[in-house]
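Trainee: My structure is in query33.pdb, and what it holds is PDB, C-alpha atoms:
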ATOM      1  CA  MET A  19     -10.626  16.663   3.403
ATOM      2  CA  SER A  20     -13.672  15.915   5.502
ATOM      3  CA  LEU A  21     -13.641  12.519   7.194
ATOM      4  CA  PRO A  22     -16.596  11.273   9.239
ATOM      5  CA  VAL A  23     -16.259  10.348  12.905
ATOM      6  CA  LEU A  24     -12.741  11.771  13.135
ATOM      7  CA  ASP A  25     -11.921  14.697  15.382
ATOM      8  CA  ASP A  26     -10.455  17.921  14.042
ATOM      9  CA  ALA A  27      -6.957  17.244  15.331
ATOM     10  CA  LEU A  28      -6.704  13.862  13.597
ATOM     11  CA  GLN A  29      -8.131  15.231  10.381
ATOM     12  CA  ALA A  30      -5.494  17.969  10.461
ATOM     13  CA  ARG A  31      -2.717  15.401  10.941
ATOM     14  CA  LEU A  32      -4.025  13.325   8.037
ATOM     15  CA  ARG A  33      -4.087  16.402   5.798
ATOM     16  CA  GLU A  34      -0.518  17.263   6.809
ATOM     17  CA  VAL A  35       0.701  13.756   5.933
ATOM     18  CA  CYS A  36      -1.024  13.925   2.544
ATOM     19  CA  ALA A  37       0.467  17.357   1.829
ATOM     20  CA  ALA A  38       3.951  16.123   2.748
ATOM     21  CA  GLY A  39       3.423  13.141   0.475
ATOM     22  CA  TRP A  40       2.518  15.323  -2.496
ATOM     23  CA  GLU A  41       5.459  17.607  -1.787
ATOM     24  CA  PHE A  42       7.812  14.625  -1.808
ATOM     25  CA  PHE A  43       6.285  13.143  -4.956
ATOM     26  CA  ASP A  44       6.547  16.440  -6.842
ATOM     27  CA  ARG A  45      10.243  16.566  -5.969
ATOM     28  CA  PHE A  46      10.702  12.862  -6.803
ATOM     29  CA  ASP A  47       8.957  13.341 -10.141
ATOM     30  CA  ARG A  48      11.325  16.181 -11.072
ATOM     31  CA  THR A  49      14.559  14.638  -9.842
ATOM     32  CA  VAL A  50      14.067  10.901 -10.461
ATOM     33  CA  ARG A  51      11.215  10.147 -12.843
ATOM     34  CA  GLU A  52      12.227  12.787 -15.375
ATOM     35  CA  ARG A  53      15.627  11.077 -15.730
ATOM     36  CA  GLY A  54      14.281   7.560 -16.231
ATOM     37  CA  PHE A  55      11.409   5.203 -15.579
ATOM     38  CA  HIS A  56      10.465   4.506 -11.981
ATOM     39  CA  ALA A  57       7.346   2.544 -11.015
ATOM     40  CA  PHE A  58       6.408   4.836  -8.102
ATOM     41  CA  VAL A  59       3.343   6.934  -8.843
ATOM     42  CA  ALA A  60       1.586   8.520  -5.892
ATOM     43  CA  SER A  61      -1.906   7.350  -5.019
ATOM     44  CA  ASP A  62      -4.727   9.838  -4.650
ATOM     45  CA  TYR A  63      -4.096  10.108  -0.928
ATOM     46  CA  ASP A  64      -7.489  11.599  -0.043
ATOM     47  CA  VAL A  65      -9.354   8.825  -1.870
ATOM     48  CA  VAL A  66      -7.287   6.076  -0.233
ATOM     49  CA  CYS A  67      -7.641   7.689   3.178
ATOM     50  CA  GLY A  68     -11.413   7.644   2.718
ATOM     51  CA  ALA A  69     -11.274   3.906   1.976
ATOM     52  CA  LEU A  70      -9.128   3.299   5.053
ATOM     53  CA  VAL A  71     -11.661   5.148   7.177
ATOM     54  CA  ALA A  72     -14.519   3.140   5.671
ATOM     55  CA  HIS A  73     -12.879  -0.205   6.470
ATOM     56  CA  ARG A  74     -11.206   0.510   9.786
ATOM     57  CA  ALA A  75     -12.028  -1.447  12.905
ATOM     58  CA  ALA A  76     -10.252  -2.203  16.146
ATOM     59  CA  GLY A  77      -7.271  -4.534  15.976
ATOM     60  CA  LEU A  78      -6.769  -4.683  12.211
ATOM     61  CA  ARG A  79      -3.289  -5.300  10.824
ATOM     62  CA  PHE A  80      -2.528  -3.435   7.571
ATOM     63  CA  LEU A  81       0.083  -4.042   4.868
ATOM     64  CA  GLU A  82       0.912  -1.817   1.917
ATOM     65  CA  LEU A  83       2.394  -3.620  -1.085
ATOM     66  CA  GLY A  84       4.985  -1.245  -2.506
ATOM     67  CA  SER A  85       4.826   1.427   0.178
ATOM     68  CA  ALA A  86       7.071   3.989  -1.596
ATOM     69  CA  SER A  87       7.253   7.177   0.513
ATOM     70  CA  GLY A  88       5.100   5.582   3.209
ATOM     71  CA  VAL A  89       2.178   8.003   3.138
ATOM     72  CA  ILE A  90      -0.606   5.398   2.876
ATOM     73  CA  THR A  91       0.911   3.205   5.582
ATOM     74  CA  ILE A  92       1.332   6.219   7.870
ATOM     75  CA  LEU A  93      -2.293   7.240   7.276
ATOM     76  CA  ALA A  94      -3.351   3.702   8.195
ATOM     77  CA  ASP A  95      -1.324   3.872  11.402
ATOM     78  CA  LEU A  96      -2.799   7.236  12.371
ATOM     79  CA  LEU A  97      -6.278   5.790  11.748
ATOM     80  CA  GLY A  98      -5.649   2.970  14.213
ATOM     81  CA  TYR A  99      -4.403   0.108  12.064
ATOM     82  CA  GLU A 100      -1.243  -1.772  13.031
ATOM     83  CA  ALA A 101       0.497  -0.678   9.845
ATOM     84  CA  PHE A 102       3.395  -2.072   7.825
ATOM     85  CA  GLY A 103       4.847  -1.407   4.394
ATOM     86  CA  ILE A 104       7.127  -3.366   2.074
ATOM     87  CA  GLU A 105       9.057  -1.490  -0.604
ATOM     88  CA  LEU A 106      11.700  -2.724  -3.041
ATOM     89  CA  ASP A 107      13.494   0.629  -3.392
ATOM     90  CA  ALA A 108      15.673   1.031  -0.296
ATOM     91  CA  SER A 109      15.931   4.802  -0.769
ATOM     92  CA  LEU A 110      12.139   5.078  -0.594
ATOM     93  CA  VAL A 111      12.133   2.931   2.553
ATOM     94  CA  ALA A 112      14.492   5.477   4.122
ATOM     95  CA  THR A 113      12.121   8.261   3.052
ATOM     96  CA  ALA A 114       9.131   6.409   4.540
ATOM     97  CA  ARG A 115      10.909   5.868   7.852
ATOM     98  CA  ALA A 116      11.847   9.555   8.032
ATOM     99  CA  MET A 117       8.268  10.538   7.163
ATOM    100  CA  ALA A 118       6.921   8.254   9.899
ATOM    101  CA  GLN A 119       9.274   9.802  12.440
ATOM    102  CA  ARG A 120       8.278  13.302  11.323
ATOM    103  CA  PHE A 121       4.603  12.574  11.968
ATOM    104  CA  GLY A 122       5.006  10.512  15.129
ATOM    105  CA  SER A 123       3.810   7.364  13.389
ATOM    106  CA  ARG A 124       4.595   3.835  14.537
ATOM    107  CA  ALA A 125       4.256   2.497  10.981
ATOM    108  CA  ARG A 126       7.012   0.029  10.183
ATOM    109  CA  PHE A 127       8.765  -0.273   6.817
ATOM    110  CA  VAL A 128      11.059  -2.930   5.377
ATOM    111  CA  SER A 129      12.997  -3.169   2.155
ATOM    112  CA  GLY A 130      12.281  -6.065  -0.173
ATOM    113  CA  SER A 131       9.776  -7.589  -2.549
ATOM    114  CA  PHE A 132       6.176  -8.034  -1.471
ATOM    115  CA  PHE A 133       6.178 -11.384  -3.265
ATOM    116  CA  PRO A 134       6.691 -14.201  -0.751
ATOM    117  CA  ALA A 135       9.683 -16.456  -1.373
ATOM    118  CA  GLY A 136       8.771 -19.083  -3.946
ATOM    119  CA  TYR A 137       5.863 -17.156  -5.446
ATOM    120  CA  SER A 138       5.614 -17.038  -9.225
ATOM    121  CA  TYR A 139       2.740 -15.643 -11.212
ATOM    122  CA  ARG A 140       1.024 -17.535 -13.993
ATOM    123  CA  SER A 141      -2.285 -16.373 -15.440
ATOM    124  CA  ALA A 142      -4.979 -18.694 -16.753
ATOM    125  CA  ASP A 143      -3.565 -18.300 -20.266
ATOM    126  CA  GLY A 144       0.024 -18.976 -19.149
ATOM    127  CA  GLU A 145       1.224 -15.375 -18.834
ATOM    128  CA  VAL A 146       4.091 -15.080 -16.343
ATOM    129  CA  ARG A 147       4.995 -11.390 -16.583
ATOM    130  CA  THR A 148       4.292  -9.216 -13.562
ATOM    131  CA  GLY A 149       4.575  -5.822 -15.289
ATOM    132  CA  THR A 150       6.330  -3.153 -13.257
ATOM    133  CA  LEU A 151       6.228  -5.206 -10.052
ATOM    134  CA  GLY A 152       9.940  -5.664  -9.441
ATOM    135  CA  VAL A 153      11.708  -8.739  -8.205
ATOM    136  CA  GLY A 154      14.074  -9.078  -5.273
ATOM    137  CA  ALA A 155      14.514 -10.787  -1.944
ATOM    138  CA  SER A 156      11.187 -11.163  -0.150
ATOM    139  CA  GLY A 157      10.588  -8.597   2.594
ATOM    140  CA  TYR A 158       8.461 -10.850   4.791
ATOM    141  CA  GLN A 159      11.375 -12.396   6.661
ATOM    142  CA  GLU A 160      12.581  -8.993   7.849
ATOM    143  CA  LEU A 161       8.992  -8.073   8.643
ATOM    144  CA  GLY A 162       8.630 -11.219  10.770
ATOM    145  CA  LEU A 163       5.131 -11.718   9.369
ATOM    146  CA  ALA A 164       3.554 -13.523   6.423
ATOM    147  CA  LEU A 165       1.017 -12.139   3.985
ATOM    148  CA  ASP A 166      -1.769 -14.120   5.625
ATOM    149  CA  ASP A 167      -1.068 -12.353   8.934
ATOM    150  CA  PHE A 168      -2.668  -9.173   7.561
ATOM    151  CA  ASP A 169      -6.349  -8.250   7.746
ATOM    152  CA  VAL A 170      -6.185  -5.434   5.182
ATOM    153  CA  VAL A 171      -3.757  -5.311   2.256
ATOM    154  CA  PHE A 172      -3.424  -2.286  -0.035
ATOM    155  CA  GLY A 173      -1.828  -1.988  -3.450
ATOM    156  CA  TYR A 174      -1.743   0.504  -6.315
ATOM    157  CA  PRO A 175      -0.991  -1.610  -9.383
ATOM    158  CA  TRP A 176      -0.365  -0.224 -12.827
ATOM    159  CA  GLY A 177      -3.092  -1.047 -15.342
ATOM    160  CA  GLY A 178      -3.057  -4.742 -16.180
ATOM    161  CA  GLU A 179      -1.282  -5.745 -12.962
ATOM    162  CA  GLU A 180      -4.459  -6.213 -10.924
ATOM    163  CA  PRO A 181      -4.627  -9.967 -11.713
ATOM    164  CA  VAL A 182      -1.167 -10.405 -10.163
ATOM    165  CA  LEU A 183      -2.282  -8.940  -6.831
ATOM    166  CA  LEU A 184      -5.490 -10.982  -6.878
ATOM    167  CA  ASP A 185      -3.477 -14.137  -7.583
ATOM    168  CA  LEU A 186      -0.995 -13.279  -4.836
ATOM    169  CA  MET A 187      -3.807 -12.892  -2.319
ATOM    170  CA  LYS A 188      -5.458 -16.113  -3.519
ATOM    171  CA  HIS A 189      -2.324 -18.138  -2.848
ATOM    172  CA  PHE A 190      -0.826 -16.353   0.174
ATOM    173  CA  GLY A 191      -3.426 -14.021   1.696
ATOM    174  CA  GLY A 192      -5.580 -14.774   4.710
ATOM    175  CA  THR A 193      -8.966 -16.426   4.225
ATOM    176  CA  ASP A 194     -10.870 -13.303   5.267
ATOM    177  CA  SER A 195      -8.260 -10.718   4.293
ATOM    178  CA  LEU A 196      -9.480  -7.596   2.545
ATOM    179  CA  LEU A 197      -7.558  -6.456  -0.545
ATOM    180  CA  LEU A 198      -7.892  -2.772  -1.381
ATOM    181  CA  MET A 199      -6.674  -1.861  -4.855
ATOM    182  CA  HIS A 200      -6.462   1.718  -6.008
ATOM    183  CA  SER A 201      -7.648   2.214  -9.570
ATOM    184  CA  VAL A 202      -7.056   5.450 -11.456
ATOM    185  CA  ASN A 203     -10.554   5.419 -12.926
ATOM    186  CA  ASP A 204     -12.568   3.663 -10.200
ATOM    187  CA  GLY A 205     -11.077   4.809  -6.910
ATOM    188  CA  VAL A 206     -10.322   2.125  -4.336
ATOM    189  CA  LEU A 207     -11.886  -1.273  -5.042
ATOM    190  CA  ALA A 208     -12.278  -3.861  -2.289
ATOM    191  CA  TYR A 209     -11.914  -7.616  -2.752
ATOM    192  CA  ARG A 210     -12.324 -10.571  -0.435
ATOM    193  CA  ASN A 211     -11.536 -14.127  -1.545
ATOM    194  CA  GLY A 212     -11.006 -12.820  -5.065
ATOM    195  CA  LYS A 213     -14.488 -11.345  -5.303
ATOM    196  CA  ARG A 214     -15.109  -7.644  -5.633
ATOM    197  CA  LEU A 215     -17.213  -6.229  -2.818
ATOM    198  CA  ARG A 216     -19.993  -3.768  -3.373
ATOM    199  CA  PRO A 217     -19.249  -0.243  -2.149
ATOM    200  CA  THR A 218     -20.500   0.407   1.380
TER
END
Please express the file's structure as structure tokens.
Mentor:
Amino acid sequence: MSLPVLDDALQARLREVCAAGWEFFDRFDRTVRERGFHAFVASDYDVVCGALVAHRAAGLRFLELGSASGVITILADLLGYEAFGIELDASLVATARAMAQRFGSRARFVSGSFFPAGYSYRSADGEVRTGTLGVGASGYQELGLALDDFDVVFGYPWGGEEPVLLDLMKHFGGTDSLLLMHSVNDGVLAYRNGKRLRPT
């Protein structure tokens, strides 16, 4: 993985985090996903890391919606973001915290839903289903921050769930917050105020 304006030591650390993430996901896929459905599918870590590099700037606060094993949030921390992750599966939160400790990351993870308390989705045609995005107690109270406290928000929705994340940001995100959504076919797409940004 070649990342511009990053020194060799940081690039090596980023590669190590990505490799550890794939190692964990391979094991998770064999031991958990083969026995039953689980919504966690690993992002293309190199592609997401490239997007984080492209959008980084001093003092940005980052949130991952559904942080799973923590790899993306840890990458964000190592790239200079103040990085946080919310994950519904408590066992994955434990994995993310252990991964952060392993790589000397200050990324912080909490267990809970990334939907703020009181949020409910309804599309323009009345659809209320949120797909695989699970429900549970909101994680923001434990985090001590609200969704609009974050400058950059990342999510990897399953196909068809993108409108939910856009709606969530519309109602609870910051005015100038950047939403990065990983798409299987299109890489990482960036949105601000509900509008897709042109690639930089």
Trainee: List the neighbours of stretch 41-54 of chain A out to 12 Å using all atoms listed in the file; skip same-chain residues closer than 6 positions along the sequence, and give me the result as a ChimeraX atom specification.
Mentor: /A:34-35,60-63,86-89,109-110,113-114,116-117
Trainee: Those same residues - C-alpha atoms - I'd like them written as a CSV table (one decimal), in the frame of the given file.
Mentor:
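And here's again16.csv as it stands now:
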chain,number,residue,atom,x,y,z
A,34,GLU,CA,-0.5,17.3,6.8
A,35,VAL,CA,0.7,13.8,5.9
A,60,ALA,CA,1.6,8.5,-5.9
A,61,SER,CA,-1.9,7.4,-5.0
A,62,ASP,CA,-4.7,9.8,-4.6
A,63,TYR,CA,-4.1,10.1,-0.9
A,86,ALA,CA,7.1,4.0,-1.6
A,87,SER,CA,7.3,7.2,0.5
A,88,GLY,CA,5.1,5.6,3.2
A,89,VAL,CA,2.2,8.0,3.1
A,109,SER,CA,15.9,4.8,-0.8
A,110,LEU,CA,12.1,5.1,-0.6
A,113,THR,CA,12.1,8.3,3.1
A,114,ALA,CA,9.1,6.4,4.5
A,116,ALA,CA,11.8,9.6,8.0
A,117,MET,CA,8.3,10.5,7.2
Trainee: Applied to the shown file, which residues does the PyMOL selection byres ((chain A and resi 174-188) around 9) return, written as a ChimeraX atom specification?
Mentor: /A:57,59-61,82-84,133-134,137-141,147-151,165-166,171-173,189-193,195,197-202,206,209,211-212
Trainee: Mind working out the centre and edge lengths of an axis-aligned box for stretch 56-66 of chain A, all listed atoms inside, 6 Å added to each side, rounded to one decimal in Å and written as JSON?
Mentor:
{"center_x": 0.6, "center_y": 7.1, "center_z": -6.0, "size_x": 31.8, "size_y": 21.1, "size_z": 23.9}
Trainee: Hey, can you check how far atom CA of A:Gly162 sits from atom CA of A:Arg31?
Mentor: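 Answer for the atom CA of A:Gly162 to atom CA of A:Arg31 separation: 28.9 Å.
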Trainee: Please evaluate the PyMOL selection byres ((chain A and resi 74) around 12) against the structure above and give the resulting residues as a list in words.
Mentor: Val23, Leu24, Cys67, Gly68, Ala69, Leu70, Val71, Ala72, His73, Ala75, Ala76, Gly77, Leu78, Arg79, Phe80, Leu93, Ala94, Asp95, Leu96, Leu97, Gly98, Tyr99, Glu100, Ala101, Asp169, Val170 and Leu196 of chain A
Trainee: Would you compute the distance between atom CA of A:Phe132 and atom CA of A:Phe168? Give it in Å to one decimal.
Mentor: 12.7 Å
Trainee: Separation of atom CA of A:Ser156 and atom CA of A:Ala112, in Å?
Mentor: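 Between atom CA of A:Ser156 and atom CA of A:Ala112 the gap works out to 17.5 Å.
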Trainee: Rank A:Ala30, A:Cys36, A:Val111, A:Val128 by their smallest atom-to-atom distance to A:Gln159, using all atoms listed in the file, and report the top residue only.
Mentor: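 Residue with the minimum atom-to-atom distance to A:Gln159: A:Val128.
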Trainee: Which one is closest to A:Ala108: A:Gly154, A:Gly136, A:Gly39, A:Gly122? Count only C-alpha atoms.
Mentor: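 Under the stated criterion, the closest residue is A:Gly154.
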Trainee: A:Leu207, A:Ala27, A:Val153, A:Leu161: which is nearest A:Arg126, counting only C-alpha atoms?
Mentor: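 The answer is A:Leu161, which sits nearest to A:Arg126.
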